[in-house]
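Chemist: Contents of coords02.cif (mmCIF, C-alpha atoms):
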```
data_data
loop_
_atom_site.label_atom_id
_atom_site.label_comp_id
_atom_site.auth_asym_id
_atom_site.auth_seq_id
_atom_site.Cartn_x
_atom_site.Cartn_y
_atom_site.Cartn_z
CA MET A 127 0.00 0.00 0.00
CA VAL A 128 1.33 3.44 -0.97
CA GLU A 129 1.14 6.26 1.53
CA LYS A 130 0.70 9.85 0.36
CA ASP A 131 1.94 12.97 2.11
CA TYR A 132 0.92 16.43 0.88
CA VAL A 133 2.95 19.60 1.25
CA GLN A 134 1.56 23.08 0.68
CA HIS A 135 3.79 25.68 -1.05
CA GLY A 136 1.80 28.88 -1.46
CA SER A 137 -1.43 27.99 -3.24
CA GLU A 138 -0.08 24.84 -4.82
CA SER A 139 -0.19 21.25 -3.59
CA PHE A 140 2.88 19.06 -4.01
CA ARG A 141 2.79 15.41 -3.06
CA ILE A 142 5.27 12.77 -2.09
CA GLU A 143 4.65 9.09 -2.88
CA VAL A 144 6.40 7.07 -0.18
CA ASN A 145 7.09 3.36 -0.51
CA GLU A 146 9.94 0.93 -0.06
CA LEU A 147 11.57 1.97 -3.35
CA ILE A 148 11.08 5.73 -3.51
CA GLN A 149 12.05 7.70 -0.41
CA TYR A 150 11.50 11.41 -0.76
CA LEU A 151 11.24 12.43 2.89
CA SER A 152 14.30 14.67 2.57
CA LEU A 153 12.33 16.89 0.19
CA LEU A 154 9.58 17.68 2.71
CA ASP A 155 10.81 21.11 3.76
CA GLU A 156 10.25 24.76 2.98
CA GLU A 157 13.35 24.97 0.77
CA PHE A 158 11.95 22.57 -1.84
CA PHE A 159 11.85 25.32 -4.49
CA ASP A 160 14.88 27.27 -3.31
CA GLU A 161 17.83 24.88 -3.24
CA PRO A 162 18.92 21.97 -5.45
CA CYS A 163 18.06 18.73 -3.70
CA SER A 164 20.73 16.34 -2.58
CA SER A 165 21.51 13.40 -4.83
CA ILE A 166 19.25 10.38 -4.43
CA GLU A 167 20.81 7.06 -5.29
CA ASP A 168 19.38 5.98 -8.62
CA GLU A 169 20.00 2.30 -8.00
CA HIS A 170 17.25 2.37 -5.37
CA PHE A 171 14.70 3.93 -7.70
CA ASP A 172 15.76 1.75 -10.63
CA GLN A 173 14.71 -1.40 -8.80
CA ILE A 174 11.24 -0.76 -10.23
CA TYR A 175 12.66 -1.70 -13.64
CA PRO A 176 13.81 -5.01 -15.17
CA SER A 177 17.56 -5.66 -15.03
CA LYS A 178 18.14 -4.80 -18.70
CA ILE A 179 16.62 -1.36 -18.11
CA ARG A 180 18.64 -0.80 -14.93
CA GLU A 181 21.84 -1.52 -16.86
CA LEU A 182 21.07 1.33 -19.27
CA SER A 183 20.14 3.84 -16.59
CA SER A 184 23.43 5.68 -16.11
CA ARG A 185 23.70 6.39 -19.83
CA HIS A 186 20.15 6.86 -21.07
CA TRP A 187 17.69 7.64 -18.26
CA THR A 188 17.36 10.86 -16.27
CA PRO A 189 18.99 10.73 -12.80
CA VAL A 190 16.46 11.06 -10.00
CA SER A 191 18.07 14.24 -8.63
CA VAL A 192 17.93 15.83 -12.11
CA ALA A 193 14.28 14.84 -12.54
CA VAL A 194 13.44 16.56 -9.24
CA GLU A 195 15.13 19.79 -10.30
CA ALA A 196 13.48 19.65 -13.75
CA ALA A 197 10.07 19.23 -12.13
CA LYS A 198 10.66 22.33 -10.03
CA LEU A 199 11.47 24.34 -13.15
CA LEU A 200 8.56 23.08 -15.26
CA VAL A 201 5.59 22.82 -12.92
CA ARG A 202 3.73 26.05 -12.24
CA GLY A 203 0.70 24.49 -10.58
CA PRO A 204 -1.47 21.35 -10.43
CA ARG A 205 -2.92 22.02 -13.88
CA THR A 206 0.46 22.11 -15.62
CA ARG A 207 0.72 19.54 -18.41
CA VAL A 208 4.28 18.43 -19.16
CA LEU A 209 5.40 16.42 -22.21
CA ASP A 210 8.58 14.32 -22.06
CA VAL A 211 9.84 13.76 -25.61
CA GLY A 212 11.47 10.35 -25.95
CA CYS A 213 10.60 9.28 -22.42
CA GLY A 214 12.18 5.79 -22.50
CA PRO A 215 10.89 3.78 -19.50
CA GLY A 216 9.32 6.95 -18.09
CA LYS A 217 11.80 7.71 -15.31
CA PHE A 218 11.43 11.51 -15.45
CA CYS A 219 7.64 11.26 -15.65
CA LEU A 220 7.45 8.85 -12.72
CA VAL A 221 9.69 10.91 -10.44
CA ALA A 222 7.98 14.20 -11.31
CA ALA A 223 4.50 12.70 -10.96
CA ALA A 224 5.45 11.36 -7.53
CA LEU A 225 6.40 14.88 -6.46
CA THR A 226 3.62 17.02 -7.89
CA ASP A 227 -0.04 17.11 -8.83
CA ALA A 228 0.80 18.19 -12.37
CA ARG A 229 0.15 15.81 -15.26
CA PHE A 230 3.00 14.18 -17.17
CA THR A 231 2.87 12.60 -20.61
CA GLY A 232 5.74 10.71 -22.16
CA ILE A 233 5.99 9.76 -25.81
CA GLU A 234 8.23 6.85 -26.78
CA GLN A 235 8.60 4.89 -30.02
CA ARG A 236 9.88 1.63 -28.45
CA SER A 237 6.86 -0.45 -27.46
CA ASP A 238 8.74 -2.45 -24.82
CA LEU A 239 9.81 0.72 -22.99
CA VAL A 240 6.25 2.02 -23.16
CA ALA A 241 4.96 -1.18 -21.54
CA ILE A 242 7.61 -0.99 -18.81
CA ALA A 243 6.82 2.65 -18.04
CA ARG A 244 3.08 1.97 -17.89
CA ARG A 245 3.56 -0.97 -15.51
CA ALA A 246 5.79 1.11 -13.23
CA ALA A 247 3.22 3.91 -13.07
CA LEU A 248 0.44 1.45 -12.31
CA LYS A 249 2.43 -0.42 -9.68
CA ASN A 250 3.27 2.82 -7.88
CA CYS A 251 -0.29 4.21 -8.11
CA LEU A 252 0.77 7.24 -10.14
CA THR A 253 -2.44 8.30 -11.84
CA ASN A 254 -1.06 11.59 -13.21
CA VAL A 255 1.19 9.84 -15.74
CA GLU A 256 0.35 8.87 -19.33
CA ILE A 257 2.79 7.06 -21.61
CA ILE A 258 2.05 7.17 -25.33
CA HIS A 259 3.51 4.79 -27.93
CA GLY A 260 4.39 6.67 -31.08
CA ASN A 261 6.83 8.68 -33.14
CA VAL A 262 7.25 12.32 -32.16
CA THR A 263 6.62 13.50 -35.73
CA ASP A 264 3.08 12.12 -35.51
CA PHE A 265 2.38 13.98 -32.28
CA ALA A 266 1.17 17.58 -31.86
CA PHE A 267 2.45 19.60 -28.91
CA THR A 268 -0.71 21.67 -28.51
CA GLY A 269 -2.41 21.15 -25.18
CA TYR A 270 0.86 21.03 -23.21
CA ASP A 271 2.32 23.83 -21.12
CA ALA A 272 5.89 22.64 -20.66
CA PHE A 273 8.37 20.19 -22.17
CA TYR A 274 11.29 18.04 -21.04
CA LEU A 275 14.09 16.94 -23.40
CA TYR A 276 16.95 14.68 -22.38
CA ASN A 277 18.88 14.22 -25.62
CA PRO A 278 15.90 12.41 -27.15
CA PHE A 279 17.52 11.92 -30.55
CA GLU A 280 21.18 11.49 -29.56
CA GLU A 281 21.24 7.81 -30.57
CA ASN A 282 20.95 8.85 -34.19
CA MET A 283 24.32 10.60 -33.99
CA PHE A 284 26.14 8.19 -31.65
CA GLN A 285 24.91 4.75 -32.64
CA ARG A 286 27.59 2.91 -30.70
CA GLN A 287 25.74 4.06 -27.59
CA LYS A 288 22.30 3.08 -28.82
CA ILE A 289 19.69 1.47 -26.58
CA ASP A 290 18.96 -1.40 -28.97
CA SER A 291 18.38 -2.12 -32.66
CA SER A 292 14.58 -2.03 -32.63
CA VAL A 293 14.21 1.37 -34.34
CA PRO A 294 15.95 2.93 -37.36
CA LEU A 295 18.74 5.39 -36.59
CA SER A 296 20.49 7.92 -38.85
CA LYS A 297 21.80 11.47 -39.01
CA ALA A 298 18.90 12.32 -41.31
CA LEU A 299 16.44 11.18 -38.64
CA PHE A 300 18.24 13.28 -36.03
CA GLU A 301 17.76 16.34 -38.20
CA LYS A 302 14.16 15.43 -39.01
CA TYR A 303 13.16 14.86 -35.38
CA SER A 304 15.05 17.89 -34.05
CA GLY A 305 13.54 20.11 -36.73
CA TYR A 306 10.05 18.87 -35.99
CA VAL A 307 10.41 19.56 -32.26
CA ALA A 308 11.83 23.02 -32.98
CA ASP A 309 8.86 23.84 -35.21
CA GLN A 310 6.36 22.61 -32.62
CA LEU A 311 8.02 24.58 -29.83
CA GLY A 312 8.23 27.65 -32.03
CA ASN A 313 4.46 27.62 -32.44
CA MET A 314 3.74 27.38 -28.72
CA PRO A 315 2.53 30.50 -26.86
CA ILE A 316 4.89 33.01 -25.27
CA GLY A 317 5.78 31.87 -21.76
CA THR A 318 6.09 28.18 -22.70
CA ARG A 319 8.75 26.49 -20.58
CA VAL A 320 11.23 23.86 -21.80
CA VAL A 321 13.89 22.08 -19.76
CA THR A 322 16.82 20.39 -21.49
CA TYR A 323 19.34 18.10 -19.84
CA GLY A 324 22.67 17.67 -21.58
CA GLY A 325 23.20 17.88 -25.31
CA SER A 326 23.40 20.91 -27.59
CA ALA A 327 19.73 21.94 -27.23
CA SER A 328 19.47 21.91 -31.02
CA GLU A 329 15.71 21.43 -30.68
CA ILE A 330 15.26 24.84 -29.04
CA PRO A 331 14.25 27.57 -31.52
CA ALA A 332 15.68 31.10 -31.38
CA CYS A 333 12.48 32.53 -29.93
CA TYR A 334 13.39 30.91 -26.58
CA ASP A 335 15.87 32.33 -24.09
CA CYS A 336 17.82 30.36 -21.51
CA LYS A 337 16.65 31.70 -18.15
CA GLN A 338 18.38 29.37 -15.72
CA ALA A 339 21.15 26.76 -15.72
CA LEU A 340 21.82 24.20 -12.99
CA ILE A 341 24.00 21.15 -12.38
CA GLY A 342 27.11 22.47 -14.09
CA ASP A 343 24.97 24.11 -16.79
CA ALA A 344 23.75 20.68 -17.94
CA LEU A 345 20.14 21.35 -16.88
CA LYS A 346 18.69 24.44 -18.56
CA LEU A 347 15.35 26.22 -18.42
CA TRP A 348 14.23 27.85 -21.66
CA ILE A 349 11.24 30.19 -21.92
CA LYS A 350 9.61 31.46 -25.10
CA THR A 351 9.92 35.24 -25.02
CA ARG A 352 8.91 36.31 -28.55
CA GLU A 353 7.00 35.06 -31.54
CA PHE A 354 8.50 32.48 -33.85
CA ALA A 355 9.74 33.87 -37.18
CA PRO A 356 10.61 31.82 -40.30
CA GLU A 357 14.25 32.92 -40.14
CA ASP A 358 14.46 31.46 -36.60
#
```
Give the structure from this file in structure tokens form.
Modeler:
Amino acid sequence: MVEKDYVQHGSESFRIEVNELIQYLSLLDEEFFDEPCSSIEDEHFDQIYPSKIRELSSRHWTPVSVAVEAAKLLVRGPRTRVLDVGCGPGKFCLVAAALTDARFTGIEQRSDLVAIARRAALKNCLTNVEIIHGNVTDFAFTGYDAFYLYNPFEENMFQRQKIDSSVPLSKALFEKYSGYVADQLGNMPIGTRVVTYGGSASEIPACYDCKQALIGDALKLWIKTREFAPED
């Protein structure tokens, strides 16, 4: 049985899911939004996944401590809808959903990772998570307020570090996917928030400005400040 604790910060409600695998008690304080949280050992969280997924965690999945900081940057209230592009087994979505009442959607083209993420959300009673099976180029970004990108298309450029061989990979696909995301983000309203972790942030159009950088500048908050123009 999963216990739920609720913490009030201003007018917003943030929750902590507490069970034998996910211990967030250290976050239950008034400095939740003010200071970067201490590192939480990922091997504890990753026990919710099969061994083959755990083995890929250090390279491909968002560290728990990074997911916590990203959630702080993206979530403005319980109605915030966040899209994780290329969510893998849903680690960012699961951590962020355990911390807040916002809603998190992940899109992933590998069906096995989708199934794993859905099972983990169900097992941990996280009802504010949705994992969608599909290709990002078939998915519209309208209806979302904020976006999370952890090098979602990096495999296409560094195939020796690929997850598996179940999907096609190429430089052309990297450019196609990155361009599509940039176009979608460019058409979002002013004030849209995007967090990137690592990488070159090539998916971020010029109408966004970097407003904050954490964790050695690896984690960045981008906010749309002006309208998208074709030359962008």
Chemist: Could you pull the residues within 10 Å of Val255 of chain A, counting all atoms listed in the file, minus those fewer than 4 positions along the same chain, as a count of residues only?
Modeler: 17
Chemist: How far is it from atom CA of Gly324 of chain A to atom CA of Arg245 of chain A, in Å with one decimal?
Modeler: 27.4 Å
Chemist: Can you measure atom CA of Lys178 of chain A to atom CA of Ile289 of chain A for me? One decimal in Å is fine.
Modeler: 10.2 Å
Chemist: So how many Å separate atom CA of Gly269 of chain A and atom CA of Ala246 of chain A, to one decimal?
Modeler: 24.7 Å
Chemist: Take the PyMOL selection byres ((chain A and resi 308) around 8), run it mentally on this structure, and tell me the resulting residues as an NGL selection string.
Modeler: :A and (304-307 or 309-312 or 328-331)
Chemist: As a list in words, please: the residues near Glu169 of chain A (cut-off 9 Å, only C-alpha atoms, same-chain neighbours under 3 positions excluded).
Modeler: Ile166, Asp172, Gln173, Arg180 and Ser183 of chain A
Chemist: Which polymer residues, whether protein, DNA or RNA, lie within 10 Å of the coordinate (15.5, 12.5, -34.9) when you count all atoms listed in the file? List them as a list in words, using the chain letters and numbers from the file.
Modeler: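 Every polymer residue passing the test: Asn261, Val262, Thr263, Pro278, Phe279, Glu280, Glu281, Asn282, Met283, Pro294, Leu295, Ser296, Lys297, Ala298, Leu299, Phe300, Glu301, Lys302, Tyr303, Ser304, Gly305, Tyr306, Val307 and Glu329 of chain A.
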Chemist: Here is a test: counting only C-alpha atoms, which residue of A:His170, A:Lys198, A:Arg236, A:Arg205 is nearest to Asp290 of chain A?
Modeler: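 Among the listed residues, A:Arg236 lies closest to Asp290 of chain A.
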Chemist: Using only C-alpha atoms, pick whichever of A:Asn254, A:Thr322, A:Ser291, A:Asn313 has the shortest atom-to-atom distance to Leu275 of chain A.
Modeler: A:Thr322
Chemist: Given the point (3.7, 25.5, -22.9) in the coordinates of this file, which residues lie within 6 Å, counting all atoms listed in the file, and how would they look as an MDAnalysis selection string?
Modeler: chainID A and resid 270:272 318:319
Chemist: Could you list, as a PyMOL selection string, every residue within 7 Å of Tyr334 of chain A, counting all atoms listed in the file and ignoring same-chain residues fewer than 2 positions away?
Modeler: chain A and resi 330-332+336+348-351
Chemist: Tell me which of A:Phe267, A:Phe171, A:Phe273, A:Phe218 sits closest to His186 of chain A, counting all atoms listed in the file.
Modeler: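 Among the listed residues, the smallest separation from His186 of chain A belongs to A:Phe218.
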Chemist: Taking into account all atoms listed in the file, which residue in the set A:Ile179, A:Val211, A:Ala266, A:Leu239 is nearest to Tyr323 of chain A?
Modeler: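 That would be A:Val211, the residue with the smallest distance to Tyr323 of chain A.
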Chemist: Of the residues A:Asn277, A:Lys217, A:Ser292, A:Glu167, which is the one nearest to Asp238 of chain A, using only C-alpha atoms?
Modeler: A:Ser292
Chemist: Of the residues A:Ile258, A:Ala344, A:Val194, A:Cys333, which is the one nearest to Pro315 of chain A, using only C-alpha atoms?
Modeler: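 Answer, going by the shortest atom-to-atom distance: A:Cys333.
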Chemist: Please evaluate the PyMOL selection byres ((chain A and resi 192) around 9) against the displayed coordinates and give the resulting residues as number ranges by chain.
Modeler: A: 163, 165, 188-191, 193-197, 218, 323, 341, 345
Chemist: Excluding Lys346 of chain A and residues on its chain fewer than 6 positions from it, collect all residues at most 6 Å away from it, counting all atoms listed in the file, and give them as a list in words.
Modeler: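 Within the cut-off, the hits are Val321, Thr322, Gln338 and Ala339 of chain A.
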Chemist: Since the input is missing atoms, can you rebuild N, CA and C atoms for segment 333-344 of chain A and write them as an mmCIF file, in the frame of the given file?
Modeler:
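Listing of out-v3.cif after writing:
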```cif
data_model
loop_
_atom_site.group_PDB
_atom_site.id
_atom_site.type_symbol
_atom_site.label_atom_id
_atom_site.label_comp_id
_atom_site.auth_asym_id
_atom_site.auth_seq_id
_atom_site.Cartn_x
_atom_site.Cartn_y
_atom_site.Cartn_z
ATOM 1 N N CYS A 333 13.445 31.693 -30.651
ATOM 2 C CA CYS A 333 12.480 32.530 -29.930
ATOM 3 C C CYS A 333 12.418 32.183 -28.444
ATOM 4 N N TYR A 334 13.267 31.264 -27.993
ATOM 5 C CA TYR A 334 13.390 30.910 -26.580
ATOM 6 C C TYR A 334 14.699 31.457 -26.032
ATOM 7 N N ASP A 335 14.662 31.895 -24.779
ATOM 8 C CA ASP A 335 15.870 32.330 -24.090
ATOM 9 C C ASP A 335 16.152 31.409 -22.919
ATOM 10 N N CYS A 336 17.436 31.150 -22.671
ATOM 11 C CA CYS A 336 17.820 30.360 -21.510
ATOM 12 C C CYS A 336 17.755 31.247 -20.274
ATOM 13 N N LYS A 337 16.903 30.883 -19.330
ATOM 14 C CA LYS A 337 16.650 31.700 -18.150
ATOM 15 C C LYS A 337 17.346 31.186 -16.898
ATOM 16 N N GLN A 338 17.736 29.932 -16.905
ATOM 17 C CA GLN A 338 18.380 29.370 -15.720
ATOM 18 C C GLN A 338 19.176 28.142 -16.122
ATOM 19 N N ALA A 339 20.316 27.940 -15.470
ATOM 20 C CA ALA A 339 21.150 26.760 -15.720
ATOM 21 C C ALA A 339 21.614 26.197 -14.390
ATOM 22 N N LEU A 340 21.471 24.888 -14.223
ATOM 23 C CA LEU A 340 21.820 24.200 -12.990
ATOM 24 C C LEU A 340 22.699 22.997 -13.303
ATOM 25 N N ILE A 341 23.230 22.393 -12.270
ATOM 26 C CA ILE A 341 24.000 21.150 -12.380
ATOM 27 C C ILE A 341 25.101 21.280 -13.422
ATOM 28 N N GLY A 342 25.994 22.240 -13.174
ATOM 29 C CA GLY A 342 27.110 22.470 -14.090
ATOM 30 C C GLY A 342 26.664 22.897 -15.471
ATOM 31 N N ASP A 343 25.570 23.624 -15.540
ATOM 32 C CA ASP A 343 24.970 24.110 -16.790
ATOM 33 C C ASP A 343 24.396 23.002 -17.660
ATOM 34 N N ALA A 344 24.305 21.781 -17.145
ATOM 35 C CA ALA A 344 23.750 20.680 -17.940
ATOM 36 C C ALA A 344 22.227 20.740 -18.003
#
```
